[in-house]
Number of protein chains: 2
Amino acid sequence: MNRLGPPDPGLLSLNTATVREKWSLREIIAGCARHGIPGISPWRDQLAQLGAKEAAKVIRDHGLRVTGLCRGGMFPAADRKGRRAAIDDNLRAIDDAAVLEAACLVLVVGGLPAGSRDLAGAREMVRDGVGQILDHARSAGVPLAIEAMHPMYCADRGCINTLAQALDLCDELGSGSSRRDLGVVVDVYHVWWDPGLRAQIERAGDKRLLAYHICDWLVPTTDLLLDRGMMGDGVIDLALVRSWMGEAGYRGFHEVEIFSARNWWKRDPDEVLMLCRERHQTAS
Amino acid sequence: MNRLGPPDPGLLSLNTATVREKWSLREIIAGCARHGIPGISPWRDQLAQLGAKEAAKVIRDHGLRVTGLCRGGMFPAADRKGRRAAIDDNLRAIDDAAVLEAACLVLVVGGLPAGSRDLAGAREMVRDGVGQILDHARSAGVPLAIEAMHPMYCADRGCINTLAQALDLCDELGSGSSRRDLGVVVDVYHVWWDPGLRAQIERAGDKRLLAYHICDWLVPTTDLLLDRGMMGDGVIDLALVRSWMGEAGYRGFHEVEIFSARNWWKRDPDEVLMLCRERHQTAS
């Protein structure tokens, strides 16, 4: 590990999902500042509780940067009304991201509508949905970041399952210029297995690489959703993926996002944040 | 579903994992014959209990065809001794497959060696391992079928995770002639999410399509390994995938393989086999 030397600690960011079971957004903001973690990525339900404007002020007052807002997406729905509601919700998410001056709005694109087996159709709904919100995102100055989701979430969370597929969508819908309007999240948990990972990160380049999420893949993994590992506790060669991100021109934050019902969510968040800082240095 | 009309019931095969919790191999053979299921695919531990020659005789006496032997593979290991042991085990598996006149030996290639994060290295061990057993397989007349494994098994079961990757390996190692020495298993559970599925099935063609495994992906899925669904109970458009297999020239069996600790493994195997026959007709 660390063939590159340790990463810049000034690039660490915390996705609030990592400690939100025990702390409110206000507490997480203060915690990040206290632990010297300069980036934060909130989720919309906690953001709604605090209010976007108040959250933006508190985050600014603590000197933090918002590395992403989680999340928009969830475009496929069984009927036109459902798809329209998803668009409206995404437009509101873009407005919130603008208030936060977030580096991007993360899109978890959604899976199959209930009762459907039409995967190609769901993917078309995703393309149409992203297309319908892109102008608003451009006007608001909020880059949209498609998160390629692990194939085990294809049915119920995200039917864009590889970086190649996400980048094809960017090529189809995004600006041809150098403007960073539409790009991807590289979350190691979702893509570490992909034999095309290095090539697709290179293909994306600085323009399309809008966020980089880190955690680890545990062996064994006991739950499809809520058993992510802390960096260093699993099998992902995080330093290698970081080197590929750097070669492709990415200079942004490294955002820790750990869903862990059986372990990290039960711990004292101060302990978790200390370990995030340490493992960012020693194991990513 | 069933845009093709129902499949030929004479192409149904049972992977014994589906009912092996309650029945011995001898009982499963008799059960398949009793329920009019003309194909069977045994696992090696049960085969060892009965003995390969005796199993071959009993299977022949019941008029069944062996659509595959599960399984070879598991090539990566931390040291040379471990890799050598894997090769020896695979050579024995080939011999057993020959005794059974199996249509193929299924290769579950293996994941990362214990303690390793070197995914590229593990994939090289797989390539080297397949290369080392291929001559023996050719001599024995046993086609080797690489099973592209769902990415959620990348770390601990199989680091060949897409059909494209498996077919690249076939192109590198297999015969350039029309000889069916090395090919792939298309198991819908592993590959249904792949946006390149249709193109890769077409690329494989009749020569490389050695086996077709069916079951279903449940929503939600409660266990990474042991929560597969019966055809029709999940979200995979099985008729569509079958149509792609047919267009690519595949004329072989449809092998039902269901790992289901919480449901099907608890049922009366006669009930399970009846439903396999029914759902093969109505939902695949």
# chains A, B, ... in the order shown; residues from 1 in each chain; ligands from 1
>>> interface_residues(of="chain A", to="chain B", cutoff="10 Å", atoms="only C-alpha atoms", output="ChimeraX atom specification")
/A:1,112,114-120,123,150-156,159-162,164-165,190-196,217-225,234-238,240
>>> select_by_dssp(residues="range 55-278 of chain B", states="alpha helix (DSSP H)", output="PyMOL selection string")
chain B and resi 55-61+80-99+119-140+163-173+188-191+197-208+238-247+269-278
>>> atom_distance(atom1="CA of Tyr189 in chain B", atom2="CA of Leu173 in chain B")
25.6 Å
>>> residues_around(residues="Val272 in chain A", least_positions_apart="4", cutoff="12 Å", atoms="only C-alpha atoms", output="MDAnalysis selection string")
chainID A and resid 14 16:20 22:23 28 31:32 35 229:231 256:258 260 263:268 276:280
>>> residues_around(residues="range 61-68 of chain B", least_positions_apart="6", cutoff="10 Å", atoms="only C-alpha atoms", output="JSON, numbers by chain")
{"B": [11, 12, 13, 14, 15, 29, 30, 31, 32, 33, 34, 36, 37, 38, 39, 40, 41, 42, 43, 55, 97, 100, 101, 102, 103, 104, 105, 106, 142, 143, 144, 145, 185, 210, 211, 212, 252, 253, 254, 255]}
>>> select_by_dssp(residues="range 135-215 of chain A", states="strand (DSSP E)", output="ChimeraX atom specification")
/A:144-147,182-187,209-214
>>> write_last_selection(atoms="N, CA, C and O atoms", output="short mmCIF file (atom, residue, chain, number, x, y, z; two decimals), in the first residue's frame")
data_model
loop_
_atom_site.label_atom_id
_atom_site.label_comp_id
_atom_site.auth_asym_id
_atom_site.auth_seq_id
_atom_site.Cartn_x
_atom_site.Cartn_y
_atom_site.Cartn_z
N LEU A 144 -23.74 17.38 -11.99
CA LEU A 144 -24.43 16.13 -11.64
C LEU A 144 -23.43 14.98 -11.73
O LEU A 144 -22.75 14.83 -12.75
N ALA A 145 -23.37 14.16 -10.68
CA ALA A 145 -22.40 13.07 -10.63
C ALA A 145 -23.13 11.73 -10.56
O ALA A 145 -23.73 11.39 -9.54
N ILE A 146 -23.09 11.00 -11.66
CA ILE A 146 -23.74 9.68 -11.71
C ILE A 146 -22.88 8.68 -10.94
O ILE A 146 -21.69 8.53 -11.23
N GLU A 147 -23.51 8.00 -9.99
CA GLU A 147 -22.76 7.01 -9.23
C GLU A 147 -23.00 5.64 -9.84
O GLU A 147 -24.13 5.12 -9.80
N LEU A 182 -21.68 17.31 -16.12
CA LEU A 182 -22.14 15.95 -15.86
C LEU A 182 -20.93 15.03 -15.79
O LEU A 182 -20.08 15.07 -16.68
N GLY A 183 -20.87 14.24 -14.74
CA GLY A 183 -19.73 13.35 -14.58
C GLY A 183 -20.09 12.16 -13.72
O GLY A 183 -21.26 11.75 -13.68
N VAL A 184 -19.10 11.61 -13.05
CA VAL A 184 -19.31 10.38 -12.29
C VAL A 184 -18.73 10.49 -10.88
O VAL A 184 -17.82 11.27 -10.62
N VAL A 185 -19.31 9.68 -10.00
CA VAL A 185 -18.69 9.38 -8.71
C VAL A 185 -17.95 8.07 -8.87
O VAL A 185 -18.54 7.10 -9.36
N VAL A 186 -16.71 8.04 -8.47
CA VAL A 186 -16.01 6.76 -8.36
C VAL A 186 -16.03 6.36 -6.89
O VAL A 186 -15.34 6.95 -6.06
N ASP A 187 -16.90 5.40 -6.57
CA ASP A 187 -16.95 4.86 -5.21
C ASP A 187 -16.32 3.48 -5.26
O ASP A 187 -16.84 2.58 -5.93
N LEU A 209 -14.50 13.29 -13.52
CA LEU A 209 -14.30 12.72 -12.18
C LEU A 209 -14.72 13.75 -11.14
O LEU A 209 -13.95 14.63 -10.78
N LEU A 210 -15.95 13.65 -10.67
CA LEU A 210 -16.50 14.69 -9.80
C LEU A 210 -16.39 14.35 -8.32
O LEU A 210 -16.47 15.23 -7.47
N ALA A 211 -16.26 13.08 -7.99
CA ALA A 211 -16.14 12.71 -6.58
C ALA A 211 -15.48 11.34 -6.48
O ALA A 211 -15.59 10.50 -7.39
N TYR A 212 -14.80 11.13 -5.36
CA TYR A 212 -14.11 9.87 -5.09
C TYR A 212 -14.48 9.43 -3.67
O TYR A 212 -14.19 10.13 -2.70
N HIS A 213 -15.17 8.28 -3.59
CA HIS A 213 -15.64 7.78 -2.29
C HIS A 213 -14.83 6.55 -1.89
O HIS A 213 -14.60 5.67 -2.71
N ILE A 214 -14.46 6.51 -0.63
CA ILE A 214 -13.65 5.37 -0.16
C ILE A 214 -14.27 4.69 1.06
O ILE A 214 -14.98 5.30 1.87
#
>>> closest_residue(among="B:Gly176, B:Gly205, B:Pro113, B:Gly5", to="Pro76 in chain B", atoms="only C-alpha atoms")
B:Pro113
>>> closest_residue(among="A:Glu202, A:Leu275, A:Ala98, A:Asp45", to="Trp244 in chain A", atoms="only C-alpha atoms")
A:Glu202
